[in-house]
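Source file: upload_35.cif; contents: mmCIF, N, CA and C atoms.
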data_input
#
loop_
_atom_site.label_atom_id
_atom_site.label_comp_id
_atom_site.auth_asym_id
_atom_site.auth_seq_id
_atom_site.Cartn_x
_atom_site.Cartn_y
_atom_site.Cartn_z
N MET K 12 94.07 21.09 116.76
CA MET K 12 92.72 21.39 116.29
C MET K 12 91.87 21.78 117.50
N GLU K 13 91.07 22.81 117.29
CA GLU K 13 90.18 23.30 118.35
C GLU K 13 88.74 23.23 117.83
N ILE K 14 87.85 22.65 118.63
CA ILE K 14 86.43 22.60 118.31
C ILE K 14 85.73 23.61 119.20
N ARG K 15 85.03 24.56 118.56
CA ARG K 15 84.36 25.60 119.36
C ARG K 15 83.26 26.27 118.55
N THR K 16 82.51 27.11 119.25
CA THR K 16 81.50 27.92 118.58
C THR K 16 82.20 29.06 117.84
N LEU K 17 81.41 29.80 117.08
CA LEU K 17 81.96 30.88 116.26
C LEU K 17 81.83 32.21 116.98
N ASN K 18 82.84 33.08 116.78
CA ASN K 18 82.87 34.33 117.53
C ASN K 18 82.78 35.59 116.70
N THR K 19 83.24 35.54 115.47
CA THR K 19 83.31 36.77 114.66
C THR K 19 82.50 36.60 113.37
N GLN K 20 82.20 37.71 112.73
CA GLN K 20 81.51 37.65 111.45
C GLN K 20 82.36 36.92 110.41
N ALA K 21 83.66 37.11 110.44
CA ALA K 21 84.55 36.42 109.50
C ALA K 21 84.48 34.90 109.70
N GLU K 22 84.39 34.46 110.96
CA GLU K 22 84.25 33.02 111.23
C GLU K 22 82.91 32.50 110.71
N TRP K 23 81.83 33.27 110.94
CA TRP K 23 80.52 32.86 110.43
C TRP K 23 80.53 32.78 108.91
N ASP K 24 81.15 33.74 108.25
CA ASP K 24 81.23 33.73 106.79
C ASP K 24 81.98 32.49 106.30
N ALA K 25 83.10 32.17 106.95
CA ALA K 25 83.88 30.98 106.57
C ALA K 25 83.09 29.70 106.85
N TYR K 26 82.35 29.70 107.94
CA TYR K 26 81.51 28.55 108.31
C TYR K 26 80.49 28.26 107.21
N TYR K 27 79.74 29.27 106.82
CA TYR K 27 78.71 29.06 105.80
C TYR K 27 79.31 28.78 104.43
N HIS K 28 80.47 29.35 104.16
CA HIS K 28 81.12 29.09 102.88
C HIS K 28 81.56 27.63 102.79
N LEU K 29 82.11 27.09 103.87
CA LEU K 29 82.52 25.68 103.84
C LEU K 29 81.30 24.78 103.68
N ARG K 30 80.22 25.08 104.37
CA ARG K 30 78.99 24.30 104.21
C ARG K 30 78.55 24.27 102.75
N TRP K 31 78.56 25.45 102.12
CA TRP K 31 78.17 25.52 100.71
C TRP K 31 79.17 24.77 99.83
N GLU K 32 80.46 24.99 100.07
CA GLU K 32 81.52 24.38 99.27
C GLU K 32 81.41 22.85 99.24
N VAL K 33 81.13 22.24 100.39
CA VAL K 33 81.08 20.79 100.49
C VAL K 33 79.70 20.22 100.16
N LEU K 34 78.66 20.89 100.65
CA LEU K 34 77.32 20.30 100.57
C LEU K 34 76.46 20.79 99.41
N ARG K 35 76.82 21.89 98.76
CA ARG K 35 75.95 22.43 97.71
C ARG K 35 76.67 22.71 96.39
N LYS K 36 77.85 23.27 96.44
CA LYS K 36 78.57 23.65 95.22
C LYS K 36 78.72 22.49 94.22
N PRO K 37 79.08 21.27 94.67
CA PRO K 37 79.25 20.18 93.69
C PRO K 37 77.98 19.87 92.88
N TRP K 38 76.84 20.33 93.35
CA TRP K 38 75.56 20.12 92.65
C TRP K 38 75.05 21.42 92.03
N ASN K 39 75.99 22.36 91.83
CA ASN K 39 75.68 23.64 91.16
C ASN K 39 74.58 24.42 91.86
N GLN K 40 74.54 24.35 93.17
CA GLN K 40 73.57 25.11 93.94
C GLN K 40 74.15 26.49 94.26
N PRO K 41 73.32 27.51 94.35
CA PRO K 41 73.83 28.87 94.56
C PRO K 41 74.43 29.08 95.95
N LEU K 42 75.36 30.01 96.00
CA LEU K 42 75.95 30.43 97.27
C LEU K 42 74.82 30.87 98.19
N GLY K 43 74.85 30.44 99.43
CA GLY K 43 73.79 30.76 100.38
C GLY K 43 72.75 29.66 100.49
N SER K 44 72.79 28.69 99.60
CA SER K 44 71.77 27.63 99.61
C SER K 44 71.98 26.62 100.74
N ALA K 45 73.07 26.70 101.44
CA ALA K 45 73.33 25.78 102.56
C ALA K 45 72.87 26.35 103.89
N LYS K 46 72.00 27.36 103.83
CA LYS K 46 71.45 27.93 105.06
C LYS K 46 70.01 27.49 105.22
N ASP K 47 69.59 27.37 106.46
CA ASP K 47 68.24 26.93 106.81
C ASP K 47 67.51 28.09 107.49
N ILE K 48 66.20 28.10 107.39
CA ILE K 48 65.44 29.17 108.03
C ILE K 48 65.53 29.12 109.56
N ASP K 49 65.91 27.97 110.11
CA ASP K 49 66.00 27.80 111.57
C ASP K 49 67.41 27.99 112.13
N GLU K 50 68.30 28.61 111.39
CA GLU K 50 69.71 28.74 111.82
C GLU K 50 69.84 29.26 113.26
N ASN K 51 68.99 30.18 113.65
CA ASN K 51 69.10 30.76 115.00
C ASN K 51 68.76 29.76 116.09
N ALA K 52 68.08 28.68 115.75
CA ALA K 52 67.72 27.67 116.74
C ALA K 52 68.79 26.59 116.87
N PHE K 53 69.82 26.64 116.03
CA PHE K 53 70.86 25.61 116.04
C PHE K 53 72.01 25.99 116.96
N TYR K 54 72.70 24.96 117.45
CA TYR K 54 73.97 25.13 118.15
C TYR K 54 75.04 24.83 117.11
N HIS K 55 75.84 25.84 116.75
CA HIS K 55 76.82 25.72 115.68
C HIS K 55 78.23 25.57 116.25
N ILE K 56 79.02 24.67 115.64
CA ILE K 56 80.43 24.56 116.01
C ILE K 56 81.27 24.37 114.75
N ALA K 57 82.57 24.60 114.93
CA ALA K 57 83.51 24.41 113.83
C ALA K 57 84.82 23.88 114.40
N ALA K 58 85.55 23.19 113.54
CA ALA K 58 86.90 22.73 113.86
C ALA K 58 87.87 23.74 113.27
N PHE K 59 88.72 24.29 114.11
CA PHE K 59 89.68 25.31 113.69
C PHE K 59 91.10 24.78 113.82
N GLU K 60 91.93 25.22 112.89
CA GLU K 60 93.37 25.01 113.02
C GLU K 60 94.05 26.26 112.49
N ASP K 61 94.78 26.93 113.35
CA ASP K 61 95.41 28.20 112.97
C ASP K 61 94.39 29.17 112.36
N GLU K 62 93.25 29.29 112.99
CA GLU K 62 92.17 30.20 112.60
C GLU K 62 91.45 29.80 111.30
N LYS K 63 91.85 28.69 110.69
CA LYS K 63 91.18 28.21 109.48
C LYS K 63 90.14 27.17 109.88
N ILE K 64 88.95 27.26 109.27
CA ILE K 64 87.90 26.30 109.56
C ILE K 64 88.09 25.07 108.69
N LEU K 65 88.19 23.91 109.37
CA LEU K 65 88.39 22.63 108.69
C LEU K 65 87.09 21.86 108.51
N GLY K 66 86.16 22.07 109.43
CA GLY K 66 84.89 21.34 109.39
C GLY K 66 83.86 22.07 110.22
N VAL K 67 82.60 21.77 109.92
CA VAL K 67 81.49 22.43 110.61
C VAL K 67 80.36 21.45 110.87
N GLY K 68 79.51 21.81 111.80
CA GLY K 68 78.31 21.02 112.08
C GLY K 68 77.41 21.79 113.03
N CYS K 69 76.17 21.36 113.11
CA CYS K 69 75.26 22.02 114.04
C CYS K 69 74.28 21.00 114.62
N LEU K 70 73.64 21.43 115.68
CA LEU K 70 72.74 20.58 116.44
C LEU K 70 71.43 21.32 116.64
N LYS K 71 70.34 20.60 116.47
CA LYS K 71 69.01 21.16 116.70
C LYS K 71 68.26 20.23 117.65
N MET K 72 67.68 20.80 118.68
CA MET K 72 66.84 19.99 119.56
C MET K 72 65.49 19.81 118.88
N ILE K 73 65.09 18.57 118.69
CA ILE K 73 63.81 18.25 118.05
C ILE K 73 62.69 18.26 119.09
N ASN K 74 63.00 17.71 120.23
CA ASN K 74 62.08 17.74 121.36
C ASN K 74 62.91 17.65 122.63
N GLU K 75 62.27 17.44 123.74
CA GLU K 75 62.95 17.47 125.04
C GLU K 75 64.12 16.49 125.15
N HIS K 76 64.03 15.34 124.49
CA HIS K 76 65.07 14.30 124.64
C HIS K 76 65.65 13.80 123.33
N GLU K 77 65.46 14.55 122.26
CA GLU K 77 65.99 14.12 120.97
C GLU K 77 66.60 15.31 120.23
N ALA K 78 67.83 15.10 119.75
CA ALA K 78 68.55 16.13 119.01
C ALA K 78 68.85 15.63 117.61
N GLN K 79 69.07 16.57 116.70
CA GLN K 79 69.41 16.22 115.33
C GLN K 79 70.68 16.93 114.92
N VAL K 80 71.63 16.18 114.36
CA VAL K 80 72.83 16.75 113.77
C VAL K 80 72.48 17.18 112.36
N ARG K 81 72.92 18.38 111.99
CA ARG K 81 72.62 18.92 110.66
C ARG K 81 73.86 19.54 110.05
N PHE K 82 73.87 19.61 108.75
CA PHE K 82 74.88 20.33 107.98
C PHE K 82 76.32 20.01 108.38
N MET K 83 76.63 18.74 108.53
CA MET K 83 78.01 18.33 108.79
C MET K 83 78.80 18.45 107.48
N ALA K 84 79.94 19.12 107.55
CA ALA K 84 80.79 19.26 106.38
C ALA K 84 82.24 19.38 106.83
N VAL K 85 83.11 18.63 106.17
CA VAL K 85 84.54 18.67 106.43
C VAL K 85 85.24 18.99 105.11
N ALA K 86 86.18 19.91 105.15
CA ALA K 86 86.92 20.27 103.93
C ALA K 86 87.53 19.01 103.32
N ASN K 87 87.45 18.91 102.00
CA ASN K 87 87.96 17.73 101.31
C ASN K 87 89.41 17.42 101.66
N SER K 88 90.22 18.45 101.86
CA SER K 88 91.65 18.27 102.13
C SER K 88 91.95 17.62 103.48
N VAL K 89 90.98 17.60 104.40
CA VAL K 89 91.23 17.01 105.72
C VAL K 89 90.24 15.90 106.06
N GLN K 90 89.50 15.40 105.09
CA GLN K 90 88.60 14.29 105.36
C GLN K 90 89.43 13.06 105.72
N ARG K 91 88.86 12.22 106.60
CA ARG K 91 89.50 11.00 107.10
C ARG K 91 90.74 11.28 107.97
N LYS K 92 90.72 12.44 108.64
CA LYS K 92 91.83 12.81 109.52
C LYS K 92 91.34 13.12 110.92
N GLY K 93 90.11 12.71 111.26
CA GLY K 93 89.60 12.88 112.61
C GLY K 93 88.78 14.13 112.86
N VAL K 94 88.69 15.00 111.87
CA VAL K 94 87.94 16.25 112.06
C VAL K 94 86.45 15.95 112.27
N GLY K 95 85.87 15.12 111.42
CA GLY K 95 84.45 14.79 111.52
C GLY K 95 84.12 14.08 112.82
N VAL K 96 84.97 13.16 113.23
CA VAL K 96 84.74 12.43 114.49
C VAL K 96 84.79 13.40 115.67
N SER K 97 85.74 14.33 115.65
CA SER K 97 85.84 15.32 116.73
C SER K 97 84.60 16.20 116.78
N LEU K 98 84.11 16.62 115.61
CA LEU K 98 82.89 17.41 115.57
C LEU K 98 81.70 16.63 116.11
N MET K 99 81.56 15.38 115.68
CA MET K 99 80.45 14.55 116.15
C MET K 99 80.50 14.37 117.66
N ASN K 100 81.69 14.11 118.19
CA ASN K 100 81.83 13.95 119.65
C ASN K 100 81.38 15.22 120.37
N ALA K 101 81.79 16.37 119.87
CA ALA K 101 81.42 17.63 120.52
C ALA K 101 79.91 17.88 120.42
N LEU K 102 79.32 17.56 119.29
CA LEU K 102 77.86 17.74 119.14
C LEU K 102 77.10 16.79 120.06
N GLU K 103 77.58 15.57 120.22
CA GLU K 103 76.93 14.62 121.12
C GLU K 103 77.05 15.06 122.58
N VAL K 104 78.19 15.61 122.95
CA VAL K 104 78.37 16.13 124.31
C VAL K 104 77.37 17.26 124.56
N GLU K 105 77.21 18.13 123.58
CA GLU K 105 76.25 19.23 123.71
C GLU K 105 74.83 18.69 123.81
N ALA K 106 74.50 17.71 122.98
CA ALA K 106 73.16 17.10 123.02
C ALA K 106 72.90 16.50 124.40
N PHE K 107 73.87 15.78 124.94
CA PHE K 107 73.74 15.17 126.26
C PHE K 107 73.56 16.24 127.34
N SER K 108 74.29 17.34 127.21
CA SER K 108 74.18 18.42 128.20
C SER K 108 72.80 19.07 128.18
N ARG K 109 72.08 18.89 127.08
CA ARG K 109 70.72 19.42 126.94
C ARG K 109 69.66 18.35 127.22
N ASP K 110 70.09 17.25 127.83
CA ASP K 110 69.22 16.14 128.24
C ASP K 110 68.71 15.28 127.09
N ALA K 111 69.36 15.35 125.94
CA ALA K 111 68.98 14.45 124.84
C ALA K 111 69.38 13.03 125.19
N LYS K 112 68.54 12.10 124.85
CA LYS K 112 68.82 10.68 125.05
C LYS K 112 69.15 10.00 123.72
N LYS K 113 68.79 10.69 122.62
CA LYS K 113 69.01 10.15 121.30
C LYS K 113 69.38 11.28 120.35
N VAL K 114 70.28 10.95 119.40
CA VAL K 114 70.66 11.89 118.35
C VAL K 114 70.31 11.23 117.02
N VAL K 115 69.68 11.98 116.14
CA VAL K 115 69.33 11.50 114.81
C VAL K 115 70.00 12.39 113.77
N LEU K 116 70.08 11.90 112.56
CA LEU K 116 70.61 12.66 111.44
C LEU K 116 70.16 12.02 110.15
N HIS K 117 70.25 12.78 109.07
CA HIS K 117 69.96 12.26 107.74
C HIS K 117 71.28 12.24 106.99
N ALA K 118 71.81 11.04 106.77
CA ALA K 118 73.13 10.88 106.15
C ALA K 118 73.02 10.63 104.66
N ARG K 119 73.91 11.26 103.93
CA ARG K 119 74.05 10.93 102.53
C ARG K 119 74.57 9.50 102.44
N GLU K 120 74.17 8.80 101.42
CA GLU K 120 74.56 7.40 101.26
C GLU K 120 76.08 7.22 101.36
N ILE K 121 76.83 8.12 100.76
CA ILE K 121 78.28 8.02 100.76
C ILE K 121 78.88 8.19 102.16
N SER K 122 78.13 8.82 103.07
CA SER K 122 78.63 9.10 104.42
C SER K 122 78.21 8.05 105.45
N ILE K 123 77.43 7.07 105.05
CA ILE K 123 76.96 6.05 106.01
C ILE K 123 78.10 5.37 106.75
N PRO K 124 79.19 4.93 106.09
CA PRO K 124 80.26 4.28 106.85
C PRO K 124 80.86 5.18 107.95
N PHE K 125 80.97 6.48 107.68
CA PHE K 125 81.46 7.41 108.70
C PHE K 125 80.54 7.42 109.91
N TYR K 126 79.24 7.56 109.68
CA TYR K 126 78.31 7.64 110.80
C TYR K 126 78.19 6.30 111.52
N GLU K 127 78.29 5.21 110.81
CA GLU K 127 78.31 3.90 111.49
C GLU K 127 79.55 3.79 112.37
N TYR K 128 80.69 4.29 111.91
CA TYR K 128 81.91 4.32 112.72
C TYR K 128 81.68 5.11 114.00
N CYS K 129 80.86 6.16 113.91
CA CYS K 129 80.54 7.00 115.08
C CYS K 129 79.45 6.38 115.96
N GLY K 130 78.94 5.21 115.59
CA GLY K 130 77.97 4.51 116.43
C GLY K 130 76.52 4.66 116.01
N TYR K 131 76.25 5.23 114.86
CA TYR K 131 74.88 5.42 114.39
C TYR K 131 74.42 4.21 113.58
N THR K 132 73.12 3.96 113.63
CA THR K 132 72.53 2.88 112.85
C THR K 132 71.44 3.43 111.94
N ILE K 133 71.29 2.77 110.80
CA ILE K 133 70.27 3.19 109.84
C ILE K 133 68.90 2.79 110.36
N ILE K 134 67.97 3.73 110.29
CA ILE K 134 66.58 3.48 110.65
C ILE K 134 65.77 3.21 109.37
N GLU K 135 65.94 4.11 108.38
CA GLU K 135 65.20 3.95 107.13
C GLU K 135 65.76 4.88 106.06
N LYS K 136 65.43 4.59 104.82
CA LYS K 136 65.74 5.51 103.72
C LYS K 136 64.86 6.73 103.93
N SER K 137 65.42 7.93 103.76
CA SER K 137 64.61 9.12 104.01
C SER K 137 64.30 9.89 102.73
N TYR K 138 65.16 10.72 102.25
CA TYR K 138 64.80 11.56 101.11
C TYR K 138 65.91 11.60 100.08
N LEU K 139 65.57 12.07 98.90
CA LEU K 139 66.49 12.21 97.79
C LEU K 139 66.71 13.71 97.55
N LEU K 140 67.94 14.17 97.71
CA LEU K 140 68.26 15.58 97.54
C LEU K 140 68.78 15.83 96.13
N PHE K 141 68.32 16.88 95.50
CA PHE K 141 68.72 17.25 94.15
C PHE K 141 68.54 16.11 93.15
N ASP K 142 67.56 15.27 93.38
CA ASP K 142 67.25 14.13 92.52
C ASP K 142 68.40 13.15 92.35
N SER K 143 69.39 13.22 93.23
CA SER K 143 70.54 12.33 93.04
C SER K 143 71.25 11.88 94.31
N ILE K 144 70.99 12.51 95.45
CA ILE K 144 71.72 12.17 96.68
C ILE K 144 70.77 11.52 97.67
N GLN K 145 70.83 10.20 97.74
CA GLN K 145 69.95 9.47 98.66
C GLN K 145 70.41 9.71 100.10
N HIS K 146 69.47 9.97 100.98
CA HIS K 146 69.73 10.15 102.41
C HIS K 146 69.05 9.04 103.20
N TYR K 147 69.62 8.76 104.37
CA TYR K 147 69.09 7.74 105.27
C TYR K 147 68.99 8.32 106.67
N LEU K 148 67.87 8.07 107.32
CA LEU K 148 67.70 8.46 108.71
C LEU K 148 68.52 7.50 109.57
N MET K 149 69.37 8.06 110.41
CA MET K 149 70.21 7.26 111.31
C MET K 149 70.02 7.78 112.72
N SER K 150 70.29 6.93 113.71
CA SER K 150 70.16 7.37 115.10
C SER K 150 71.18 6.69 115.99
N LYS K 151 71.34 7.29 117.17
CA LYS K 151 72.26 6.77 118.19
C LYS K 151 71.71 7.17 119.55
N GLU K 152 71.66 6.21 120.46
CA GLU K 152 71.31 6.50 121.84
C GLU K 152 72.55 7.05 122.52
N ILE K 153 72.37 8.13 123.31
CA ILE K 153 73.56 8.69 124.02
C ILE K 153 73.32 8.67 125.51
#

Any chance you could give the structure as structure tokens?
Amino acid sequence: MEIRTLNTQAEWDAYYHLRWEVLRKPWNQPLGSAKDIDENAFYHIAAFEDEKILGVGCLKMINEHEAQVRFMAVANSVQRKGVGVSLMNALEVEAFSRDAKKVVLHAREISIPFYEYCGYTIIEKSYLLFDSIQHYLMSKEI
């Protein structure tokens, strides 16, 4: 498995498709709904195996010393196989290289055990997505 940034339009298309497939499609959201208006401000990475994207994630600097992980998604077929942990490690390394001292994220309730395994702690309940997916603000000092 290789964790890296994206290089071609085909990789970008696969990246956004996986985000939609995991994070939006199960809630009948339209294709393209997993994009944010700030995409150009994010640091994007993906986990590749034989040119296939297994997982994706991105990082946004909130301020000089705080970064936020966004849009983490791992293909259902490879969940619990280390892909998410590898992506998180790479995003934290990037955050540290940009002088971040803390990384925050908004985790879906079902994903809390994964992020706790990665060293994050719950700060507070944050928002409800699609009237059904509770999110929690989590953070980690790096």

Next item on the list: Given the file shown, determine the residues that the PyMOL selection byres (((chain K and resi 34-50 and name CA) around 10) and name CA) selects; report them as a PyMOL selection string.
Entry: chain K and resi 27-33+51-55+69-71+81-85+140-141+143-144

Residues of region 44-100 of chain K that have any atom at most 8 Å from an atom of region 129-138 of chain K: could you tabulate them with the shortest-distance atom pair and the distance in Å to one decimal, using all atoms listed in the file, ordered by chain and increasing number, as JSON lines?
{"residue": "K:Val96", "atom": "CA", "partner": "K:Cys129", "partner_atom": "CA", "distance": 6.9}
{"residue": "K:Met99", "atom": "CA", "partner": "K:Cys129", "partner_atom": "CA", "distance": 7.6}
{"residue": "K:Asn100", "atom": "N", "partner": "K:Cys129", "partner_atom": "CA", "distance": 7.8}

Please provide as a PDB file with N, CA and C atoms, keeping the file's coordinate frame all residues within 6 Å of Glu60 (chain K), with the sequence filter that same-chain residues fewer than 3 positions apart are discarded (counting all atoms listed in the file).
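Now in around_4.pdb:
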ATOM      1  N   MET K  12      94.070  21.090 116.760  1.00  0.00           N
ATOM      2  CA  MET K  12      92.720  21.390 116.290  1.00  0.00           C
ATOM      3  C   MET K  12      91.870  21.780 117.500  1.00  0.00           C
ATOM      4  N   GLU K  13      91.070  22.810 117.290  1.00  0.00           N
ATOM      5  CA  GLU K  13      90.180  23.300 118.350  1.00  0.00           C
ATOM      6  C   GLU K  13      88.740  23.230 117.830  1.00  0.00           C
ATOM      7  N   LYS K  63      91.850  28.690 110.690  1.00  0.00           N
ATOM      8  CA  LYS K  63      91.180  28.210 109.480  1.00  0.00           C
ATOM      9  C   LYS K  63      90.140  27.170 109.880  1.00  0.00           C
ATOM     10  N   ILE K  64      88.950  27.260 109.270  1.00  0.00           N
ATOM     11  CA  ILE K  64      87.900  26.300 109.560  1.00  0.00           C
ATOM     12  C   ILE K  64      88.090  25.070 108.690  1.00  0.00           C
ATOM     13  N   LEU K  65      88.190  23.910 109.370  1.00  0.00           N
ATOM     14  CA  LEU K  65      88.390  22.630 108.690  1.00  0.00           C
ATOM     15  C   LEU K  65      87.090  21.860 108.510  1.00  0.00           C
TER      16      LEU K  65
END

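Every residue that the PyMOL selection byres ((chain K and resi 106) around 8) selects in this file is listed here: Leu70, Lys71, Met72, His76, Glu77, Ala78, Gln79, Asn100, Ala101, Leu102, Glu103, Val104, Glu105, Phe107, Ser108, Arg109, Asp110, Ala111, Lys112, Lys113, Val114 and Ile153 of chain K.
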
Output N, CA and C atoms of each residue in that selection to a file, as a PDB file, in the frame of the given file.
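As a result, again_29.pdb now contains:
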ATOM      1  N   LEU K  70      73.640  21.430 115.680  1.00  0.00           N
ATOM      2  CA  LEU K  70      72.740  20.580 116.440  1.00  0.00           C
ATOM      3  C   LEU K  70      71.430  21.320 116.640  1.00  0.00           C
ATOM      4  N   LYS K  71      70.340  20.600 116.470  1.00  0.00           N
ATOM      5  CA  LYS K  71      69.010  21.160 116.700  1.00  0.00           C
ATOM      6  C   LYS K  71      68.260  20.230 117.650  1.00  0.00           C
ATOM      7  N   MET K  72      67.680  20.800 118.680  1.00  0.00           N
ATOM      8  CA  MET K  72      66.840  19.990 119.560  1.00  0.00           C
ATOM      9  C   MET K  72      65.490  19.810 118.880  1.00  0.00           C
ATOM     10  N   HIS K  76      64.030  15.340 124.490  1.00  0.00           N
ATOM     11  CA  HIS K  76      65.070  14.300 124.640  1.00  0.00           C
ATOM     12  C   HIS K  76      65.650  13.800 123.330  1.00  0.00           C
ATOM     13  N   GLU K  77      65.460  14.550 122.260  1.00  0.00           N
ATOM     14  CA  GLU K  77      65.990  14.120 120.970  1.00  0.00           C
ATOM     15  C   GLU K  77      66.600  15.310 120.230  1.00  0.00           C
ATOM     16  N   ALA K  78      67.830  15.100 119.750  1.00  0.00           N
ATOM     17  CA  ALA K  78      68.550  16.130 119.010  1.00  0.00           C
ATOM     18  C   ALA K  78      68.850  15.630 117.610  1.00  0.00           C
ATOM     19  N   GLN K  79      69.070  16.570 116.700  1.00  0.00           N
ATOM     20  CA  GLN K  79      69.410  16.220 115.330  1.00  0.00           C
ATOM     21  C   GLN K  79      70.680  16.930 114.920  1.00  0.00           C
ATOM     22  N   ASN K 100      81.690  14.110 118.190  1.00  0.00           N
ATOM     23  CA  ASN K 100      81.830  13.950 119.650  1.00  0.00           C
ATOM     24  C   ASN K 100      81.380  15.220 120.370  1.00  0.00           C
ATOM     25  N   ALA K 101      81.790  16.370 119.870  1.00  0.00           N
ATOM     26  CA  ALA K 101      81.420  17.630 120.520  1.00  0.00           C
ATOM     27  C   ALA K 101      79.910  17.880 120.420  1.00  0.00           C
ATOM     28  N   LEU K 102      79.320  17.560 119.290  1.00  0.00           N
ATOM     29  CA  LEU K 102      77.860  17.740 119.140  1.00  0.00           C
ATOM     30  C   LEU K 102      77.100  16.790 120.060  1.00  0.00           C
ATOM     31  N   GLU K 103      77.580  15.570 120.220  1.00  0.00           N
ATOM     32  CA  GLU K 103      76.930  14.620 121.120  1.00  0.00           C
ATOM     33  C   GLU K 103      77.050  15.060 122.580  1.00  0.00           C
ATOM     34  N   VAL K 104      78.190  15.610 122.950  1.00  0.00           N
ATOM     35  CA  VAL K 104      78.370  16.130 124.310  1.00  0.00           C
ATOM     36  C   VAL K 104      77.370  17.260 124.560  1.00  0.00           C
ATOM     37  N   GLU K 105      77.210  18.130 123.580  1.00  0.00           N
ATOM     38  CA  GLU K 105      76.250  19.230 123.710  1.00  0.00           C
ATOM     39  C   GLU K 105      74.830  18.690 123.810  1.00  0.00           C
ATOM     40  N   PHE K 107      73.870  15.780 124.940  1.00  0.00           N
ATOM     41  CA  PHE K 107      73.740  15.170 126.260  1.00  0.00           C
ATOM     42  C   PHE K 107      73.560  16.240 127.340  1.00  0.00           C
ATOM     43  N   SER K 108      74.290  17.340 127.210  1.00  0.00           N
ATOM     44  CA  SER K 108      74.180  18.420 128.200  1.00  0.00           C
ATOM     45  C   SER K 108      72.800  19.070 128.180  1.00  0.00           C
ATOM     46  N   ARG K 109      72.080  18.890 127.080  1.00  0.00           N
ATOM     47  CA  ARG K 109      70.720  19.420 126.940  1.00  0.00           C
ATOM     48  C   ARG K 109      69.660  18.350 127.220  1.00  0.00           C
ATOM     49  N   ASP K 110      70.090  17.250 127.830  1.00  0.00           N
ATOM     50  CA  ASP K 110      69.220  16.140 128.240  1.00  0.00           C
ATOM     51  C   ASP K 110      68.710  15.280 127.090  1.00  0.00           C
ATOM     52  N   ALA K 111      69.360  15.350 125.940  1.00  0.00           N
ATOM     53  CA  ALA K 111      68.980  14.450 124.840  1.00  0.00           C
ATOM     54  C   ALA K 111      69.380  13.030 125.190  1.00  0.00           C
ATOM     55  N   LYS K 112      68.540  12.100 124.850  1.00  0.00           N
ATOM     56  CA  LYS K 112      68.820  10.680 125.050  1.00  0.00           C
ATOM     57  C   LYS K 112      69.150  10.000 123.720  1.00  0.00           C
ATOM     58  N   LYS K 113      68.790  10.690 122.620  1.00  0.00           N
ATOM     59  CA  LYS K 113      69.010  10.150 121.300  1.00  0.00           C
ATOM     60  C   LYS K 113      69.380  11.280 120.350  1.00  0.00           C
ATOM     61  N   VAL K 114      70.280  10.950 119.400  1.00  0.00           N
ATOM     62  CA  VAL K 114      70.660  11.890 118.350  1.00  0.00           C
ATOM     63  C   VAL K 114      70.310  11.230 117.020  1.00  0.00           C
ATOM     64  N   ILE K 153      72.370   8.130 123.310  1.00  0.00           N
ATOM     65  CA  ILE K 153      73.560   8.690 124.020  1.00  0.00           C
ATOM     66  C   ILE K 153      73.320   8.670 125.510  1.00  0.00           C
TER      67      ILE K 153
END

Would you list the contacts of Ala86 (chain K) as a short mmCIF file (atom, residue, chain, number, x, y, z; two decimals) with N, CA and C atoms, keeping the file's coordinate frame, taking every protein, DNA or RNA residue within 6.5 Å and counting all atoms listed in the file, but skipping same-chain residues closer than 4 positions in sequence?
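File written: out.cif
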data_model
loop_
_atom_site.label_atom_id
_atom_site.label_comp_id
_atom_site.auth_asym_id
_atom_site.auth_seq_id
_atom_site.Cartn_x
_atom_site.Cartn_y
_atom_site.Cartn_z
N LEU K 65 88.19 23.91 109.37
CA LEU K 65 88.39 22.63 108.69
C LEU K 65 87.09 21.86 108.51
N GLY K 66 86.16 22.07 109.43
CA GLY K 66 84.89 21.34 109.39
C GLY K 66 83.86 22.07 110.22
N VAL K 67 82.60 21.77 109.92
CA VAL K 67 81.49 22.43 110.61
C VAL K 67 80.36 21.45 110.87
N GLN K 90 89.50 15.40 105.09
CA GLN K 90 88.60 14.29 105.36
C GLN K 90 89.43 13.06 105.72
#

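Every residue of region 83-118 of chain K with a DSSP assignment of alpha helix (DSSP H), taken from the backbone, is listed as Val94, Gly95, Val96, Ser97, Leu98, Met99, Asn100, Ala101, Leu102, Glu103, Val104, Glu105, Ala106, Phe107 and Ser108 of chain K.
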
Next item on the list: Determine the residue set returned by the PyMOL selection byres (((chain K and resi 17-23 and name CA) around 8) and name CA) for the present structure, and present it as a count of residues only.
Entry: 10

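Atom pair atom C of Leu116 (chain K) / atom C of Glu62 (chain K) has a distance of 27.8 Å (rounded to one decimal).
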
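Picture a line from atom N of Glu75 (chain K) to atom C of Tyr147 (chain K); it runs 20.5 Å.
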
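Here CA of Val115 (chain K) is placed at a distance of 11.6 Å from CA of Asn74 (chain K).
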